[in-house]
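Chemist: Coordinates in upload17.txt, compact mmCIF, C-alpha atoms (C1' of nucleotides) and all ligand atoms, are listed below.
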```txt
# COMPACT_ATOMS: atom_id res chain seq x y z
CA MET D 730 -40.29 -16.33 -43.32
CA PRO D 731 -42.36 -18.00 -46.00
CA GLY D 732 -44.94 -20.47 -44.77
CA PRO D 733 -45.37 -21.98 -41.36
CA TYR D 734 -42.58 -22.60 -38.90
CA LYS D 735 -40.83 -25.82 -39.77
CA TRP D 736 -38.29 -25.83 -36.95
CA ARG D 737 -40.31 -24.82 -33.93
CA HIS D 738 -40.79 -28.36 -32.66
CA ARG D 739 -37.04 -28.87 -32.31
CA PHE D 740 -36.94 -26.31 -29.55
CA GLN D 741 -39.67 -27.57 -27.27
CA GLY D 742 -38.59 -26.68 -23.78
CA TYR D 743 -35.44 -24.95 -24.97
CA VAL D 744 -36.79 -21.52 -25.67
CA CYS D 745 -40.06 -19.91 -24.70
CA ARG D 746 -41.00 -18.38 -27.99
CA TRP D 747 -40.29 -19.27 -31.55
CA THR D 748 -39.85 -16.25 -33.75
CA LEU D 749 -39.45 -15.14 -37.33
CA PRO D 750 -35.69 -14.44 -37.08
CA ARG D 751 -35.04 -17.82 -35.50
CA GLU D 752 -37.01 -19.62 -38.14
CA ALA D 753 -35.43 -17.61 -40.93
CA ILE D 754 -31.83 -18.12 -39.80
CA LEU D 755 -32.19 -21.82 -39.18
CA ASP D 756 -34.07 -22.24 -42.43
CA LEU D 757 -31.34 -20.45 -44.36
CA LEU D 758 -28.57 -22.51 -42.82
CA SER D 759 -30.46 -25.75 -43.39
CA ARG D 760 -30.73 -24.99 -47.09
CA THR D 761 -27.32 -23.63 -47.96
CA SER D 762 -24.16 -25.63 -48.43
CA LYS D 763 -22.03 -22.57 -47.74
CA HIS D 764 -20.23 -21.83 -44.53
CA MET D 765 -21.70 -18.42 -43.83
CA SER D 766 -20.55 -15.67 -41.50
CA ALA D 767 -22.95 -13.70 -39.33
CA LYS D 768 -22.73 -10.74 -41.65
CA GLU D 769 -23.38 -12.86 -44.71
CA ILE D 770 -26.42 -14.37 -43.05
CA TYR D 771 -27.60 -10.92 -42.09
CA ALA D 772 -27.15 -9.58 -45.61
CA THR D 773 -28.98 -12.51 -47.16
CA LEU D 774 -31.96 -12.27 -44.82
CA TYR D 775 -32.09 -8.51 -44.98
CA SER D 776 -33.22 -8.55 -48.60
CA MET D 777 -36.38 -10.46 -47.76
CA TYR D 778 -36.78 -9.29 -44.19
CA PRO D 779 -35.47 -5.72 -43.87
CA GLY D 780 -36.54 -5.49 -40.24
CA ILE D 781 -33.95 -7.97 -39.03
CA GLY D 782 -31.04 -6.78 -36.88
CA LEU D 783 -27.43 -7.96 -36.89
CA THR D 784 -27.56 -8.30 -33.12
CA THR D 785 -30.37 -10.80 -33.38
CA VAL D 786 -28.42 -12.77 -35.95
CA TYR D 787 -25.50 -13.09 -33.56
CA ARG D 788 -27.78 -13.94 -30.65
CA THR D 789 -29.68 -16.54 -32.61
CA LEU D 790 -26.53 -18.17 -33.96
CA ASP D 791 -25.33 -18.49 -30.41
CA LEU D 792 -28.59 -20.10 -29.40
CA LEU D 793 -28.44 -22.53 -32.28
CA VAL D 794 -24.86 -23.48 -31.48
CA ARG D 795 -25.70 -24.03 -27.81
CA SER D 796 -28.66 -26.19 -28.69
CA GLY D 797 -26.60 -28.25 -31.11
CA MET D 798 -28.45 -27.32 -34.29
CA ILE D 799 -25.46 -25.74 -36.01
CA ASN D 800 -21.66 -25.78 -35.83
CA ARG D 801 -19.51 -22.74 -35.26
CA LEU D 802 -16.33 -22.87 -37.36
CA SER D 803 -13.28 -20.67 -37.13
CA PHE D 804 -10.83 -20.91 -39.97
CA GLY D 805 -8.68 -18.09 -38.70
CA ASP D 806 -9.88 -15.43 -41.12
CA GLY D 807 -11.14 -13.21 -38.34
CA GLN D 808 -14.78 -14.19 -38.37
CA ASN D 809 -16.72 -17.23 -37.32
CA ARG D 810 -18.68 -19.24 -39.82
CA TYR D 811 -21.68 -21.44 -39.28
CA GLU D 812 -23.06 -24.60 -40.82
CA PHE D 813 -26.18 -26.62 -40.30
CA ARG D 814 -25.57 -29.73 -38.27
CA SER D 815 -27.13 -32.89 -39.55
CA GLY D 816 -28.40 -35.15 -36.82
CA LYS D 817 -26.72 -38.19 -38.27
CA LYS D 818 -23.31 -39.20 -36.97
CA GLU D 819 -22.24 -40.41 -40.38
CA GLU D 820 -22.42 -36.88 -41.66
CA HIS D 821 -19.35 -35.77 -39.72
CA HIS D 822 -17.20 -34.27 -42.42
CA GLN D 823 -13.87 -32.57 -43.04
CA HIS D 824 -13.02 -29.23 -44.53
CA LEU D 825 -10.59 -28.52 -47.31
CA ILE D 826 -9.44 -24.94 -47.13
CA CYS D 827 -7.65 -23.27 -50.01
CA THR D 828 -4.91 -21.14 -48.53
CA LYS D 829 -4.89 -18.94 -51.60
CA CYS D 830 -8.54 -18.01 -52.22
CA GLY D 831 -10.10 -19.14 -48.95
CA ARG D 832 -12.57 -21.52 -50.56
CA ILE D 833 -14.01 -24.09 -48.18
CA ILE D 834 -14.93 -27.51 -49.48
CA ASP D 835 -16.87 -30.15 -47.57
CA CYS D 836 -15.52 -33.68 -47.72
CA SER D 837 -17.18 -36.80 -46.35
CA ASP D 838 -15.05 -39.40 -48.05
CA LEU D 839 -12.75 -40.34 -45.20
CA PHE D 840 -15.28 -41.92 -42.93
CA THR D 841 -13.64 -45.25 -42.18
CA GLU D 842 -10.14 -43.80 -41.96
CA GLN D 843 -11.43 -41.20 -39.60
CA LEU D 844 -13.14 -43.77 -37.45
CA GLU D 845 -9.94 -45.74 -37.10
CA LEU D 846 -7.99 -42.66 -36.10
CA LEU D 847 -10.68 -41.74 -33.63
CA LYS D 848 -10.83 -45.18 -32.08
CA LYS D 849 -7.10 -45.14 -31.50
CA ALA D 850 -7.21 -41.55 -30.36
CA GLU D 851 -9.87 -42.04 -27.73
CA ASP D 852 -7.88 -44.94 -26.40
CA VAL D 853 -4.57 -43.11 -26.22
CA LEU D 854 -6.00 -39.87 -24.93
CA THR D 855 -7.99 -41.52 -22.20
CA LYS D 856 -5.09 -43.63 -20.98
CA LYS D 857 -2.29 -41.13 -21.30
CA TYR D 858 -3.99 -37.79 -20.62
CA ASN D 859 -7.19 -38.93 -18.94
CA PHE D 860 -8.99 -36.80 -21.51
CA THR D 861 -12.52 -37.63 -22.61
CA VAL D 862 -13.03 -37.02 -26.31
CA LEU D 863 -16.43 -35.59 -27.14
CA ASP D 864 -15.82 -34.24 -30.62
CA HIS D 865 -13.10 -33.75 -33.14
CA ASN D 866 -12.18 -31.60 -36.06
CA ILE D 867 -10.04 -32.35 -39.10
CA GLU D 868 -8.98 -29.77 -41.65
CA PHE D 869 -6.83 -29.96 -44.76
CA TYR D 870 -5.06 -26.92 -46.07
CA GLY D 871 -3.80 -26.60 -49.61
CA LEU D 872 -4.62 -25.42 -53.09
CA CYS D 873 -7.97 -25.80 -54.81
CA GLU D 874 -8.40 -26.67 -58.45
CA LYS D 875 -8.61 -23.08 -59.64
CA CYS D 876 -5.73 -21.75 -57.59
CA LYS D 877 -3.41 -24.52 -58.69
CA LYS D 878 -3.63 -23.28 -62.27
CA SER D 879 -3.36 -19.57 -61.75
CA MET J 1246 17.27 -9.85 -24.78
CA PRO J 1247 19.85 -11.71 -22.78
CA GLY J 1248 22.96 -12.71 -24.65
CA PRO J 1249 23.70 -12.70 -28.34
CA TYR J 1250 21.14 -13.28 -31.03
CA LYS J 1251 20.58 -17.00 -31.44
CA TRP J 1252 18.03 -16.87 -34.21
CA ARG J 1253 19.43 -14.30 -36.60
CA HIS J 1254 20.95 -16.84 -38.97
CA ARG J 1255 17.55 -18.37 -39.69
CA PHE J 1256 16.48 -15.20 -41.40
CA GLN J 1257 19.30 -14.67 -43.82
CA GLY J 1258 17.77 -13.01 -46.83
CA TYR J 1259 14.34 -12.93 -45.28
CA VAL J 1260 14.57 -9.68 -43.40
CA CYS J 1261 17.06 -6.86 -43.58
CA ARG J 1262 17.69 -6.35 -39.92
CA TRP J 1263 17.53 -8.61 -36.91
CA THR J 1264 16.26 -6.82 -33.85
CA LEU J 1265 15.74 -7.22 -30.15
CA PRO J 1266 11.95 -7.69 -30.35
CA ARG J 1267 12.32 -10.33 -33.03
CA GLU J 1268 14.90 -12.22 -31.05
CA ALA J 1269 12.93 -11.91 -27.83
CA ILE J 1270 9.62 -13.10 -29.30
CA LEU J 1271 11.12 -16.05 -31.12
CA ASP J 1272 13.20 -16.96 -28.11
CA LEU J 1273 10.15 -16.90 -25.84
CA LEU J 1274 8.10 -19.07 -28.16
CA SER J 1275 10.96 -21.52 -28.63
CA ARG J 1276 11.18 -22.04 -24.88
CA THR J 1277 7.56 -22.24 -23.80
CA SER J 1278 5.25 -25.17 -24.26
CA LYS J 1279 2.22 -22.90 -23.98
CA HIS J 1280 0.10 -21.70 -26.85
CA MET J 1281 0.35 -17.99 -26.24
CA SER J 1282 -1.74 -15.12 -27.54
CA ALA J 1283 -0.22 -11.86 -28.75
CA LYS J 1284 -1.24 -10.13 -25.58
CA GLU J 1285 0.23 -12.86 -23.39
CA ILE J 1286 3.49 -12.65 -25.28
CA TYR J 1287 3.46 -8.89 -24.92
CA ALA J 1288 2.80 -9.07 -21.19
CA THR J 1289 5.55 -11.60 -20.65
CA LEU J 1290 8.16 -9.64 -22.57
CA TYR J 1291 7.08 -6.33 -21.13
CA SER J 1292 8.37 -7.26 -17.68
CA MET J 1293 11.93 -7.63 -18.92
CA TYR J 1294 11.73 -5.25 -21.86
CA PRO J 1295 9.33 -2.41 -20.99
CA GLY J 1296 10.02 -0.61 -24.22
CA ILE J 1297 8.33 -3.20 -26.39
CA GLY J 1298 5.08 -2.36 -28.16
CA LEU J 1299 2.06 -4.53 -28.79
CA THR J 1300 2.07 -3.49 -32.42
CA THR J 1301 5.53 -4.90 -32.86
CA VAL J 1302 4.47 -8.15 -31.27
CA TYR J 1303 1.67 -8.51 -33.79
CA ARG J 1304 3.95 -7.55 -36.67
CA THR J 1305 6.67 -9.93 -35.62
CA LEU J 1306 4.29 -12.81 -35.08
CA ASP J 1307 3.06 -12.24 -38.60
CA LEU J 1308 6.60 -12.29 -39.91
CA LEU J 1309 7.41 -15.48 -38.04
CA VAL J 1310 4.28 -17.18 -39.35
CA ARG J 1311 5.05 -16.13 -42.92
CA SER J 1312 8.59 -17.41 -42.67
CA GLY J 1313 7.43 -20.72 -41.23
CA MET J 1314 9.05 -20.42 -37.82
CA ILE J 1315 5.82 -20.54 -35.84
CA ASN J 1316 2.22 -21.73 -36.25
CA ARG J 1317 -0.82 -19.54 -35.87
CA LEU J 1318 -3.66 -21.38 -34.15
CA SER J 1319 -7.27 -20.32 -33.78
CA PHE J 1320 -9.33 -22.29 -31.34
CA GLY J 1321 -12.34 -20.05 -31.67
CA ASP J 1322 -11.92 -18.16 -28.42
CA GLY J 1323 -11.61 -14.83 -30.17
CA GLN J 1324 -7.87 -14.54 -30.29
CA ASN J 1325 -5.11 -16.25 -32.20
CA ARG J 1326 -2.48 -18.28 -30.46
CA TYR J 1327 1.04 -19.09 -31.53
CA GLU J 1328 3.44 -21.98 -31.09
CA PHE J 1329 7.01 -22.59 -32.09
CA ARG J 1330 7.31 -24.84 -35.10
CA SER J 1331 9.85 -27.57 -34.90
CA GLY J 1332 11.59 -28.23 -38.16
CA LYS J 1333 11.04 -31.95 -37.99
CA LYS J 1334 8.06 -33.42 -39.76
CA GLU J 1335 7.61 -36.05 -37.08
CA GLU J 1336 6.75 -33.33 -34.64
CA HIS J 1337 3.41 -32.62 -36.23
CA HIS J 1338 1.05 -32.92 -33.30
CA GLN J 1339 -2.60 -32.70 -32.35
CA HIS J 1340 -4.37 -30.53 -29.84
CA LEU J 1341 -6.75 -31.63 -27.14
CA ILE J 1342 -8.98 -28.76 -26.12
CA CYS J 1343 -11.02 -28.86 -22.96
CA THR J 1344 -14.39 -27.33 -23.77
CA LYS J 1345 -14.93 -26.45 -20.13
CA CYS J 1346 -11.73 -24.70 -19.02
CA GLY J 1347 -10.07 -24.07 -22.37
CA ARG J 1348 -6.89 -25.95 -21.54
CA ILE J 1349 -4.86 -26.93 -24.56
CA ILE J 1350 -2.82 -30.12 -24.50
CA ASP J 1351 -0.25 -31.17 -27.09
CA CYS J 1352 -0.40 -34.76 -28.25
CA SER J 1353 2.06 -36.53 -30.53
CA ASP J 1354 0.95 -40.08 -29.99
CA LEU J 1355 -1.10 -40.64 -33.10
CA PHE J 1356 1.65 -40.48 -35.62
CA THR J 1357 1.11 -43.67 -37.60
CA GLU J 1358 -2.67 -43.39 -37.50
CA GLN J 1359 -2.40 -39.86 -38.72
CA LEU J 1360 -0.10 -40.84 -41.54
CA GLU J 1361 -2.55 -43.47 -42.73
CA LEU J 1362 -5.39 -41.01 -42.70
CA LEU J 1363 -3.27 -38.49 -44.52
CA LYS J 1364 -2.14 -40.92 -47.17
CA LYS J 1365 -5.73 -41.86 -47.92
CA ALA J 1366 -6.81 -38.24 -47.73
CA GLU J 1367 -4.29 -36.95 -50.21
CA ASP J 1368 -5.35 -39.67 -52.58
CA VAL J 1369 -9.08 -39.02 -52.30
CA LEU J 1370 -8.81 -35.27 -52.29
CA THR J 1371 -6.56 -35.16 -55.32
CA LYS J 1372 -8.72 -37.51 -57.35
CA LYS J 1373 -12.14 -36.28 -56.32
CA TYR J 1374 -11.62 -32.58 -55.72
CA ASN J 1375 -8.35 -31.99 -57.50
CA PHE J 1376 -7.15 -30.43 -54.25
CA THR J 1377 -3.48 -30.42 -53.30
CA VAL J 1378 -2.98 -31.02 -49.60
CA LEU J 1379 -0.16 -28.97 -48.12
CA ASP J 1380 -0.95 -29.19 -44.45
CA HIS J 1381 -3.53 -30.51 -42.06
CA ASN J 1382 -4.91 -29.91 -38.63
CA ILE J 1383 -6.52 -32.31 -36.18
CA GLU J 1384 -8.18 -31.27 -32.95
CA PHE J 1385 -9.99 -33.20 -30.25
CA TYR J 1386 -12.56 -31.52 -28.06
CA GLY J 1387 -13.64 -32.87 -24.73
CA LEU J 1388 -13.03 -32.78 -21.00
CA CYS J 1389 -9.65 -32.64 -19.33
CA GLU J 1390 -8.76 -34.54 -16.21
CA LYS J 1391 -9.63 -31.72 -13.82
CA CYS J 1392 -12.90 -30.74 -15.46
CA LYS J 1393 -14.13 -34.30 -15.53
CA LYS J 1394 -14.11 -34.38 -11.72
CA SER J 1395 -15.61 -31.02 -10.92
C1' DA Y 309 -60.80 -11.46 -30.70
C1' DA Y 310 -58.85 -8.35 -27.13
C1' DT Y 311 -55.51 -7.99 -23.20
C1' DG Y 312 -51.46 -8.59 -20.25
C1' DT Y 313 -47.04 -10.45 -19.37
C1' DT Y 314 -42.52 -10.60 -20.54
C1' DA Y 315 -39.26 -13.01 -23.86
C1' DA Y 316 -37.22 -11.42 -27.76
C1' DT Y 317 -35.85 -7.84 -30.82
C1' DG Y 318 -33.05 -4.13 -32.84
C1' DA Y 319 -30.77 0.51 -32.62
C1' DT Y 320 -26.99 2.17 -30.33
C1' DA Y 321 -22.98 2.16 -27.72
C1' DA Y 322 -19.24 -0.50 -25.85
C1' DT Y 323 -15.60 -3.93 -26.02
C1' DC Y 324 -11.79 -6.35 -27.72
C1' DA Y 325 -8.42 -8.20 -31.11
C1' DT Y 326 -5.97 -6.70 -34.80
C1' DT Y 327 -4.32 -3.29 -38.38
C1' DT Y 328 -2.95 1.23 -40.13
C1' DT Y 329 -0.48 5.59 -39.83
C1' DC Y 330 3.42 8.13 -39.15
C1' DA Y 331 7.12 10.41 -36.69
C1' DA Y 332 11.04 8.71 -33.96
C1' DT Y 333 14.57 5.20 -33.39
C1' DA Y 334 18.18 2.06 -34.10
C1' DA Y 335 20.47 -1.65 -37.20
C1' DT Y 336 23.87 -1.83 -40.47
C1' DA Y 337 26.57 -0.41 -44.53
C1' DA Y 338 29.83 2.98 -45.80
C1' DT A 97 31.41 8.02 -36.88
C1' DT A 98 27.89 9.05 -40.17
C1' DA A 99 24.16 8.24 -43.36
C1' DT A 100 20.48 5.45 -44.87
C1' DT A 101 16.26 3.50 -44.12
C1' DA A 102 14.09 -0.75 -42.06
C1' DT A 103 11.91 -1.18 -37.92
C1' DT A 104 9.62 0.39 -34.00
C1' DG A 105 5.88 2.05 -30.93
C1' DA A 106 2.17 5.45 -29.70
C1' DA A 107 -2.08 6.62 -31.21
C1' DA A 108 -5.92 6.25 -34.09
C1' DA A 109 -8.70 3.28 -37.05
C1' DT A 110 -10.97 -0.90 -38.19
C1' DG A 111 -13.92 -4.85 -37.87
C1' DA A 112 -16.13 -8.59 -35.36
C1' DT A 113 -18.73 -9.43 -31.52
C1' DT A 114 -21.23 -8.25 -27.13
C1' DA A 115 -23.86 -5.33 -23.77
C1' DT A 116 -27.63 -2.00 -22.88
C1' DC A 117 -32.14 -0.79 -22.88
C1' DA A 118 -36.46 0.96 -24.67
C1' DT A 119 -39.74 -1.08 -27.91
C1' DT A 120 -42.14 -4.94 -29.95
C1' DA A 121 -44.54 -9.08 -30.53
C1' DA A 122 -45.36 -14.19 -28.98
C1' DC A 123 -48.60 -16.42 -26.69
C1' DA A 124 -51.20 -17.57 -22.38
C1' DT A 125 -55.29 -15.80 -20.47
C1' DT A 126 -59.40 -13.79 -20.63
MN MN D 1401 -18.78 -28.06 -43.60
MN MN D 1402 0.67 -27.33 -29.95
ZN ZN D 1403 -8.40 -21.51 -54.19
ZN ZN D 1404 -10.61 -28.51 -18.41
```
Could you write out this file's structure as structure tokens?
Modeler:
Amino acid sequence: MPGPYKWRHRFQGYVCRWTLPREAILDLLSRTSKHMSAKEIYATLYSMYPGIGLTTVYRTLDLLVRSGMINRLSFGDGQNRYEFRSGKKEEHHQHLICTKCGRIIDCSDLFTEQLELLKKAEDVLTKKYNFTVLDHNIEFYGLCEKCKKS
Amino acid sequence: MPGPYKWRHRFQGYVCRWTLPREAILDLLSRTSKHMSAKEIYATLYSMYPGIGLTTVYRTLDLLVRSGMINRLSFGDGQNRYEFRSGKKEEHHQHLICTKCGRIIDCSDLFTEQLELLKKAEDVLTKKYNFTVLDHNIEFYGLCEKCKKS
DNA sequence: AATGTTAATGATAATCATTTTCAATAATAA
DNA sequence: TTATTATTGAAAATGATTATCATTAACATT
């Protein structure tokens, strides 16, 4: 909402009109490191933009997922979460999920190991299942620093 | 429902009573290779056991997850799915998910590659994030054989 | 800048998976 | 066989997400 639209140009030809909610939601997700739910996004934006509707948040998130700007994540806690998607391939990262408190930690330290797994995977999956890999997802479940103590 | 209870002994001390629904649900999951939703399980059992209730299916699935007999999977299609959990560690497998038709394929062919990734992961995650890995999950998204053609 | 077209919004209602409630049932110990 | 109570299942409640539709506002045209 503050200032001019920074993201409009990314949607040339994808949508007809660029609007305040779209700018606000994408802007929020591009700034935060959290993995926010629709309701959390709604609550955050509501404080500075009380006119916004939850329906529009859902609709816009869907648009942003379809156009590849954000990722939709489901960790099995009953609601989807969203994260900004960097354009760079090297930014593909993993998630550590604390099974006790639900904390989600980003991890980008397994790049080469991941690449090796992927290389082998694409090979095996293509040959054996005739399956074309387009994307992948790796998650680690366990206990975070805090929860280990308590 | 048919025959004697095959699974009762696995729950010694875990539950007080072993019942028909519990036996039937676990038996079904132990036989199928599908990744079934609660409603699918309910529908399947209903044909041979019309007395069963959807609530009990949900409750029992929860019990079986908590006691480690089955896995709860969420592929982001709005409903959880369940699979029987083999006791053997070597059976840890991946899922290939077709983004077009939703088909889910089991894959156990990346065992050594996975182990290497895991070994490195546990190391990095412990040192850098002080996170204790208890479990992990790897998924591949793409196009299945059928969907590639059409 | 004012106007017209219609894409986009937001309040409301609907849907759908899952959970809660609670009286009835059935597993098991006595 | 009887008593105890864990478990069940119908019904209602919840919570996330989607559909409807009248209103609004983006923006192309004047
Ligand atoms: Mn992330
Ligand atoms: Mn599986
Ligand atoms: Zn934690
Ligand atoms: Zn397919």
Chemist: Find the distance between CA of Arg795 (chain D) and CA of Tyr743 (chain D) and write it in Å to one decimal.
Modeler: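 Taking CA of Arg795 (chain D) as the start and CA of Tyr743 (chain D) as the end point, the length is 10.2 Å.
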Chemist: Looking at only C-alpha atoms, which of D:Ser815, D:Thr785, D:Asn800, D:Ser762 is the one that sits closest to chain J?
Modeler: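 Closest residue, counting only C-alpha atoms: D:Asn800.
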Chemist: List as a ChimeraX atom specification the protein and nucleic acid residues near region 312-326 of chain Y, meaning an atom at most 8 Å away when only C-alpha atoms (C1' of nucleotides) are counted, but skip any in the same chain fewer than 3 places from it.
Modeler: /D:745-746,781-785 /J:1303,1323-1324 /A:114-116,120
Chemist: Starting from chain A, keep only residues with some atom at most 10 Å from an atom of chain J, counting all atoms listed in the file, and report them as a list in words.
Modeler: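 Taking all atoms listed in the file into account, DA102, DT103, DT104, DG105, DA106, DA112 and DT113 of chain A sit within 10 Å of chain J.
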Chemist: Could you state the separation of CA of Tyr858 (chain D) and CA of Glu1390 (chain J) in Å, given to one decimal place?
Modeler: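 So the answer is 7.3 Å.
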Chemist: Collect all residues with atoms no farther than 7 Å from ligand MN 1402 (chain D), counting all atoms listed in the file, and output them as a list in words.
Modeler: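 The residues within 7 Å of ligand MN 1402 (chain D), counting all atoms listed in the file, are His1280, Glu1328, His1338, Gln1339, His1340 and Asp1351 of chain J.
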Chemist: Just need the residues of chain J within 7 Å of chain D, counting only C-alpha atoms, so spit them out as a list in words.
Modeler: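 Written out as asked, the residues are Ser1319, Gly1321, Leu1355, Glu1358, Gln1359, Leu1362, Ala1366, Asn1375, Phe1376, Thr1377, Val1378, Leu1379, Asp1380, His1381, Asn1382, Ile1383, Glu1384, Phe1385, Tyr1386, Gly1387, Leu1388, Cys1389 and Glu1390 of chain J.
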Chemist: Could you work out an axis-aligned bounding box for all listed atoms of region 98-107 of chain A, with 8 Å added on each of the six sides, and give its centre and edge lengths in Å to one decimal, as JSON?
Modeler:
```
{"center_x": 12.9, "center_y": 3.9, "center_z": -37.3, "size_x": 46.0, "size_y": 26.2, "size_z": 31.2}
```
Chemist: Quick one: of J:Ser1312, J:Ser1275, J:Gln1257, J:Ser1282, who's nearest to chain Y, counting all atoms listed in the file?
Modeler: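 For chain Y, the nearest of the given residues is J:Ser1282.
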Chemist: Show me as an NGL selection string the residues that reach within 8 Å of (7.0, -17.0, -30.8), counting all atoms listed in the file and using the file's own coordinates.
Modeler: :J and (1270-1275 or 1286 or 1306 or 1309 or 1315 or 1327-1329)
Chemist: How many Å separate CA of Asp1307 (chain J) from CA of Ala1283 (chain J)?
Modeler: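 Between CA of Asp1307 (chain J) and CA of Ala1283 (chain J) the gap works out to 10.4 Å.
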Chemist: Considering all atoms listed in the file, return as a ChimeraX atom specification whatever protein or nucleic-acid residues lie within 12 Å of DT98 (chain A), sequence-local ones (same chain, fewer than 5 positions apart) excluded.
Modeler: /Y:336-338
Chemist: Measuring between all atoms listed in the file, which one of J:Arg1348, J:Lys1372, J:Arg1326, J:His1337 shows the shortest distance to ligand ZN 1404 (chain D)?
Modeler: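 Under the stated criterion, the closest residue is J:Arg1348.
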Chemist: Report as a list in words all protein, DNA and RNA residues lying within 12 Å of DA108 (chain A), evaluated on all atoms listed in the file, omitting residues in the same chain fewer than 4 positions from it.
Modeler: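 Skipping anything fewer than 4 positions along the chain leaves DT327, DT328, DT329 and DC330 of chain Y.
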Chemist: Selected residues, C-alpha atoms (C1' of nucleotides), written as a short mmCIF file (atom, residue, chain, number, x, y, z; two decimals), in the frame of the given file, please.
Modeler:
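Saved file part_34.cif follows:
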```
data_model
loop_
_atom_site.label_atom_id
_atom_site.label_comp_id
_atom_site.auth_asym_id
_atom_site.auth_seq_id
_atom_site.Cartn_x
_atom_site.Cartn_y
_atom_site.Cartn_z
"C1'" DT Y 327 -4.32 -3.29 -38.38
"C1'" DT Y 328 -2.95 1.23 -40.13
"C1'" DT Y 329 -0.48 5.59 -39.83
"C1'" DC Y 330 3.42 8.13 -39.15
#
```
Chemist: From the set D:Ser837, D:Ser879, D:Thr761, D:Thr789, which residue has the shortest atom-to-atom contact distance to chain Y, counting all atoms listed in the file?
Modeler: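 Residue with the minimum atom-to-atom distance to chain Y: D:Thr789.
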Chemist: With only C-alpha atoms (C1' of nucleotides) as the basis for distance, which of J:Arg1253, J:Arg1267, J:Lys1284, J:Arg1276 is at the shortest distance from chain Y?
Modeler: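 So, comparing all the options, the nearest one is J:Lys1284.
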